[in-house]
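Please read the structure below before turning to the comments.
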Amino acid sequence: MKLYIIGAGPGDPDLITVKGLRILQEADVVLYTDSLVNDELIARAKPEAEVLKSAGMSLEEMVAIMADRVKAGKLVARVHTGDPAVFGAIMEQKALLAKEGIACEIVPGVSSVFAAAAAVGAELTIPELTQTVILTRAEGRTPVPDREQLKDLAAHHCTLALFLSATLTKKVVRELTEAGWSPETPVAVVQRASWPDQIIVRTTLARLDEDMRVNGIRKHAMILAGWALDPEIGTHEEYRSKLYDKSFTHGYRKGVKD
Ligand SMILES: C[S@@+](CC[C@H](N)C(=O)[O-])C[C@H]1O[C@@H](n2cnc3c(N)ncnc32)[C@H](O)[C@@H]1O
């Protein structure tokens with residue numbers, strides 16, 4: 001017995017995987033996170049499918065419904081926003097389903113971090129500048145382990161992608177500044193990436209908090225921070241990828257000598 005946990009992607013109904021869409025279209029039962037998954041995508045389920053919203057349901061209620069339907073021989077799709085592996089709260093569902101003898105197959109999705117990067121036309125890993133992206137959140141009511149405090153993560157001066165942090169920008173600015181980030185560090189905020197009402201705010205660390213306030217952004221936002229977000233980064237020759245470097249040889253491409 002198994003059910004499918006599907007990543008719906010960030011919002012645009014076309015940003016689900018082919019596999020995820022196929023399962024959604026074949027499913028007898030669809031349970032979805034209605035606050036962030038696009039209804040237009042869910043409308044692609046077959047007309048006779050039982051479609052349920054997870055908002056307002058407790059974990060136990062969700063699991064009871066899913067287990068009941070799977071045991072009745074139905075194809076069940078649990079649809080999560082973005083990619084289920086990132087802040088998806090799937091582990092507790094999987095654990096309770098396992099107690100019912102039900103396994104889960106996870107179908108990945110496009111996370112909002114990548115939809116946001118696409119929206120601002122950014123590469124998050126710029127050769128010689130940063131080769132690391134940290135996906136994290138600022139600590140608010142949900143605790144973050146001591147060893148993962150933002151100021152410690154920021155000490156790497158890599159690209160940071162902050163989920164669930166739109167109301168915590170004062171703290172973000174304070175901790176990144178403590179880690180030695182310059183006030184001019186580029187920051188790109190994308191609210192509702194890939195939705196028709198997507199908002200992009202390009203700012204700096206110094207102006208982040210004020211620009212969030214001015215633009216009324218308090219939720220559904222991805223904060224991307226670091227010099228990889230500099231819109232001019234592509235014009236800096238020193239940060240060109242080795243992949244296209246004429247003198248660089250790798251397995252598939254022999255170096256060309258001028
Ligand atoms: C519970 S987490 C789920 C993340 C999701 N699993 C993913 O991979 O994108 C919700 C947070 O993800 C971010 N998020 C989700 N969808 C977004 C979108 N379309 N645009 C910007 N940020 C989004 C926001 O930071 C939001 O607070």
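Each chain in the structure tokens gets a letter, A, B, ..., in the order shown, and its residues are numbered from 1; ligands are numbered from 1 in order too.
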
Selection near region 21-24 of chain A, 8 Å with only C-alpha atoms, sequence-local residues under 2 positions removed, as a PDB file with N, CA and C atoms, in the first residue's frame:
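Everything below was put into out11.pdb:
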ATOM      1  N   TYR A   4       1.152   8.860  -2.865  1.00  0.00           N
ATOM      2  CA  TYR A   4       2.129   9.743  -3.481  1.00  0.00           C
ATOM      3  C   TYR A   4       2.124  11.095  -2.796  1.00  0.00           C
ATOM      4  N   ILE A  16       4.740  22.052 -12.394  1.00  0.00           N
ATOM      5  CA  ILE A  16       4.750  20.729 -11.753  1.00  0.00           C
ATOM      6  C   ILE A  16       5.530  19.811 -12.704  1.00  0.00           C
ATOM      7  N   THR A  17       6.096  18.717 -12.199  1.00  0.00           N
ATOM      8  CA  THR A  17       6.795  17.798 -13.108  1.00  0.00           C
ATOM      9  C   THR A  17       5.768  17.009 -13.921  1.00  0.00           C
ATOM     10  N   VAL A  18       6.250  16.440 -15.014  1.00  0.00           N
ATOM     11  CA  VAL A  18       5.372  15.609 -15.867  1.00  0.00           C
ATOM     12  C   VAL A  18       4.833  14.435 -15.042  1.00  0.00           C
ATOM     13  N   LYS A  19       5.706  13.848 -14.236  1.00  0.00           N
ATOM     14  CA  LYS A  19       5.285  12.700 -13.419  1.00  0.00           C
ATOM     15  C   LYS A  19       4.244  13.122 -12.383  1.00  0.00           C
ATOM     16  N   GLU A  26      -4.434  11.052 -12.492  1.00  0.00           N
ATOM     17  CA  GLU A  26      -4.963   9.693 -12.311  1.00  0.00           C
ATOM     18  C   GLU A  26      -5.555   9.489 -10.922  1.00  0.00           C
ATOM     19  N   ALA A  27      -5.269  10.414  -9.992  1.00  0.00           N
ATOM     20  CA  ALA A  27      -5.628  10.193  -8.581  1.00  0.00           C
ATOM     21  C   ALA A  27      -7.139  10.133  -8.362  1.00  0.00           C
ATOM     22  N   VAL A  30      -7.366  13.631  -3.885  1.00  0.00           N
ATOM     23  CA  VAL A  30      -6.305  14.641  -3.871  1.00  0.00           C
ATOM     24  C   VAL A  30      -6.460  15.462  -2.592  1.00  0.00           C
ATOM     25  N   ILE A  42      -4.958  22.059  -9.293  1.00  0.00           N
ATOM     26  CA  ILE A  42      -5.811  21.008  -8.717  1.00  0.00           C
ATOM     27  C   ILE A  42      -7.008  20.732  -9.643  1.00  0.00           C
ATOM     28  N   ARG A  44      -6.905  20.195 -12.559  1.00  0.00           N
ATOM     29  CA  ARG A  44      -6.515  19.201 -13.577  1.00  0.00           C
ATOM     30  C   ARG A  44      -6.742  17.766 -13.098  1.00  0.00           C
ATOM     31  N   ALA A  45      -7.153  17.609 -11.846  1.00  0.00           N
ATOM     32  CA  ALA A  45      -7.515  16.260 -11.363  1.00  0.00           C
ATOM     33  C   ALA A  45      -8.760  15.821 -12.125  1.00  0.00           C
ATOM     34  N   ALA A  77      -3.177  11.198  -3.842  1.00  0.00           N
ATOM     35  CA  ALA A  77      -2.086  12.166  -4.064  1.00  0.00           C
ATOM     36  C   ALA A  77      -2.159  13.241  -2.981  1.00  0.00           C
TER      37      ALA A  77
END

Excluding Leu229 (chain A) and residues on its chain fewer than 5 positions from it, collect all residues at most 12 Å away from it, counting only C-alpha atoms, and give them as a count of residues only. 32

Ranking A:Arg137, A:Arg69, A:Lys2, A:Lys170 by minimum distance to ligand 1 and counting only C-alpha atoms and all ligand atoms, which one comes first?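 Looking only at the distances to ligand 1, the closest residue turns out to be A:Arg137.
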
Of the candidates A:Thr132, A:Asn215, A:Ser35, A:Ser241, which one gets nearest to ligand 1 if we count only C-alpha atoms and all ligand atoms? A:Ser35

Please, which residues in chain A fall within 8 Å of ligand 1 when counting only C-alpha atoms and all ligand atoms, and what is the closest atom pair and distance in Å to one decimal for each, ordered by chain then residue number, as JSON lines?
{"residue": "A:Gly7", "atom": "CA", "partner": "ligand 1", "partner_atom_place_in_ligand_line": "6 (N)", "distance": 7.6}
{"residue": "A:Gly9", "atom": "CA", "partner": "ligand 1", "partner_atom_place_in_ligand_line": "9 (O)", "distance": 7.1}
{"residue": "A:Pro10", "atom": "CA", "partner": "ligand 1", "partner_atom_place_in_ligand_line": "19 (N)", "distance": 4.2}
{"residue": "A:Gly11", "atom": "CA", "partner": "ligand 1", "partner_atom_place_in_ligand_line": "19 (N)", "distance": 5.3}
{"residue": "A:Leu36", "atom": "CA", "partner": "ligand 1", "partner_atom_place_in_ligand_line": "16 (N)", "distance": 6.4}
{"residue": "A:His80", "atom": "CA", "partner": "ligand 1", "partner_atom_place_in_ligand_line": "6 (N)", "distance": 6.8}
{"residue": "A:Thr81", "atom": "CA", "partner": "ligand 1", "partner_atom_place_in_ligand_line": "5 (C)", "distance": 5.1}
{"residue": "A:Gly82", "atom": "CA", "partner": "ligand 1", "partner_atom_place_in_ligand_line": "7 (C)", "distance": 3.6}
{"residue": "A:Asp83", "atom": "CA", "partner": "ligand 1", "partner_atom_place_in_ligand_line": "8 (O)", "distance": 3.9}
{"residue": "A:Pro84", "atom": "CA", "partner": "ligand 1", "partner_atom_place_in_ligand_line": "6 (N)", "distance": 4.9}
{"residue": "A:Ala85", "atom": "CA", "partner": "ligand 1", "partner_atom_place_in_ligand_line": "6 (N)", "distance": 6.4}
{"residue": "A:Val86", "atom": "CA", "partner": "ligand 1", "partner_atom_place_in_ligand_line": "6 (N)", "distance": 4.6}
{"residue": "A:Phe87", "atom": "CA", "partner": "ligand 1", "partner_atom_place_in_ligand_line": "2 (S)", "distance": 4.9}
{"residue": "A:Gly88", "atom": "CA", "partner": "ligand 1", "partner_atom_place_in_ligand_line": "6 (N)", "distance": 4.7}
{"residue": "A:Ala89", "atom": "CA", "partner": "ligand 1", "partner_atom_place_in_ligand_line": "1 (C)", "distance": 7.7}
{"residue": "A:Gly109", "atom": "CA", "partner": "ligand 1", "partner_atom_place_in_ligand_line": "8 (O)", "distance": 7.3}
{"residue": "A:Val110", "atom": "CA", "partner": "ligand 1", "partner_atom_place_in_ligand_line": "8 (O)", "distance": 6.6}
{"residue": "A:Ser111", "atom": "CA", "partner": "ligand 1", "partner_atom_place_in_ligand_line": "8 (O)", "distance": 3.4}
{"residue": "A:Ser112", "atom": "CA", "partner": "ligand 1", "partner_atom_place_in_ligand_line": "9 (O)", "distance": 3.6}
{"residue": "A:Val113", "atom": "CA", "partner": "ligand 1", "partner_atom_place_in_ligand_line": "9 (O)", "distance": 6.0}
{"residue": "A:Ala115", "atom": "CA", "partner": "ligand 1", "partner_atom_place_in_ligand_line": "20 (N)", "distance": 7.1}
{"residue": "A:Ala116", "atom": "CA", "partner": "ligand 1", "partner_atom_place_in_ligand_line": "21 (C)", "distance": 6.2}
{"residue": "A:Leu162", "atom": "CA", "partner": "ligand 1", "partner_atom_place_in_ligand_line": "25 (O)", "distance": 6.6}
{"residue": "A:Phe163", "atom": "CA", "partner": "ligand 1", "partner_atom_place_in_ligand_line": "25 (O)", "distance": 3.5}
{"residue": "A:Leu164", "atom": "CA", "partner": "ligand 1", "partner_atom_place_in_ligand_line": "27 (O)", "distance": 3.6}
{"residue": "A:Ser165", "atom": "CA", "partner": "ligand 1", "partner_atom_place_in_ligand_line": "25 (O)", "distance": 6.3}
{"residue": "A:Ala166", "atom": "CA", "partner": "ligand 1", "partner_atom_place_in_ligand_line": "25 (O)", "distance": 7.1}
{"residue": "A:Val190", "atom": "CA", "partner": "ligand 1", "partner_atom_place_in_ligand_line": "21 (C)", "distance": 5.4}
{"residue": "A:Gln191", "atom": "CA", "partner": "ligand 1", "partner_atom_place_in_ligand_line": "21 (C)", "distance": 4.6}
{"residue": "A:Arg192", "atom": "CA", "partner": "ligand 1", "partner_atom_place_in_ligand_line": "20 (N)", "distance": 3.5}
{"residue": "A:Ala193", "atom": "CA", "partner": "ligand 1", "partner_atom_place_in_ligand_line": "20 (N)", "distance": 3.7}
{"residue": "A:Ser194", "atom": "CA", "partner": "ligand 1", "partner_atom_place_in_ligand_line": "19 (N)", "distance": 6.0}
{"residue": "A:Trp195", "atom": "CA", "partner": "ligand 1", "partner_atom_place_in_ligand_line": "19 (N)", "distance": 6.6}
{"residue": "A:Gln198", "atom": "CA", "partner": "ligand 1", "partner_atom_place_in_ligand_line": "20 (N)", "distance": 7.6}
{"residue": "A:Lys219", "atom": "CA", "partner": "ligand 1", "partner_atom_place_in_ligand_line": "27 (O)", "distance": 5.7}
{"residue": "A:His220", "atom": "CA", "partner": "ligand 1", "partner_atom_place_in_ligand_line": "24 (C)", "distance": 4.2}
{"residue": "A:Ala221", "atom": "CA", "partner": "ligand 1", "partner_atom_place_in_ligand_line": "22 (N)", "distance": 3.9}
{"residue": "A:Met222", "atom": "CA", "partner": "ligand 1", "partner_atom_place_in_ligand_line": "22 (N)", "distance": 4.1}
{"residue": "A:Ile223", "atom": "CA", "partner": "ligand 1", "partner_atom_place_in_ligand_line": "25 (O)", "distance": 7.4}

Here is a test: counting only C-alpha atoms, which residue of A:Asp39, A:Asp28, A:Glu48, A:Glu105 is nearest to Val76 (chain A)?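 Among A:Asp39, A:Asp28, A:Glu48, A:Glu105, it is A:Asp28 that comes nearest to Val76 (chain A).
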
Just list as a list of chain:residue names whatever in region 115-159 of chain A DSSP marks as strand (DSSP E or B).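 Residues of region 115-159 of chain A classed as strand (DSSP E or B): A:Ile126, A:Thr130, A:Val133, A:Ile134, A:Leu135, A:Thr136, A:Arg137, A:Thr159.
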
When distances are computed from only C-alpha atoms, which of A:Asp68, A:Asp12, A:Asp34, A:Glu60 shows the smallest separation from Ile102 (chain A)? A:Asp68

Work out how far apart CA of Gly140 (chain A) and CA of Asp209 (chain A) are and give it in Å to one decimal.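 Computed distance, CA of Gly140 (chain A) to CA of Asp209 (chain A), equals 15.5 Å.
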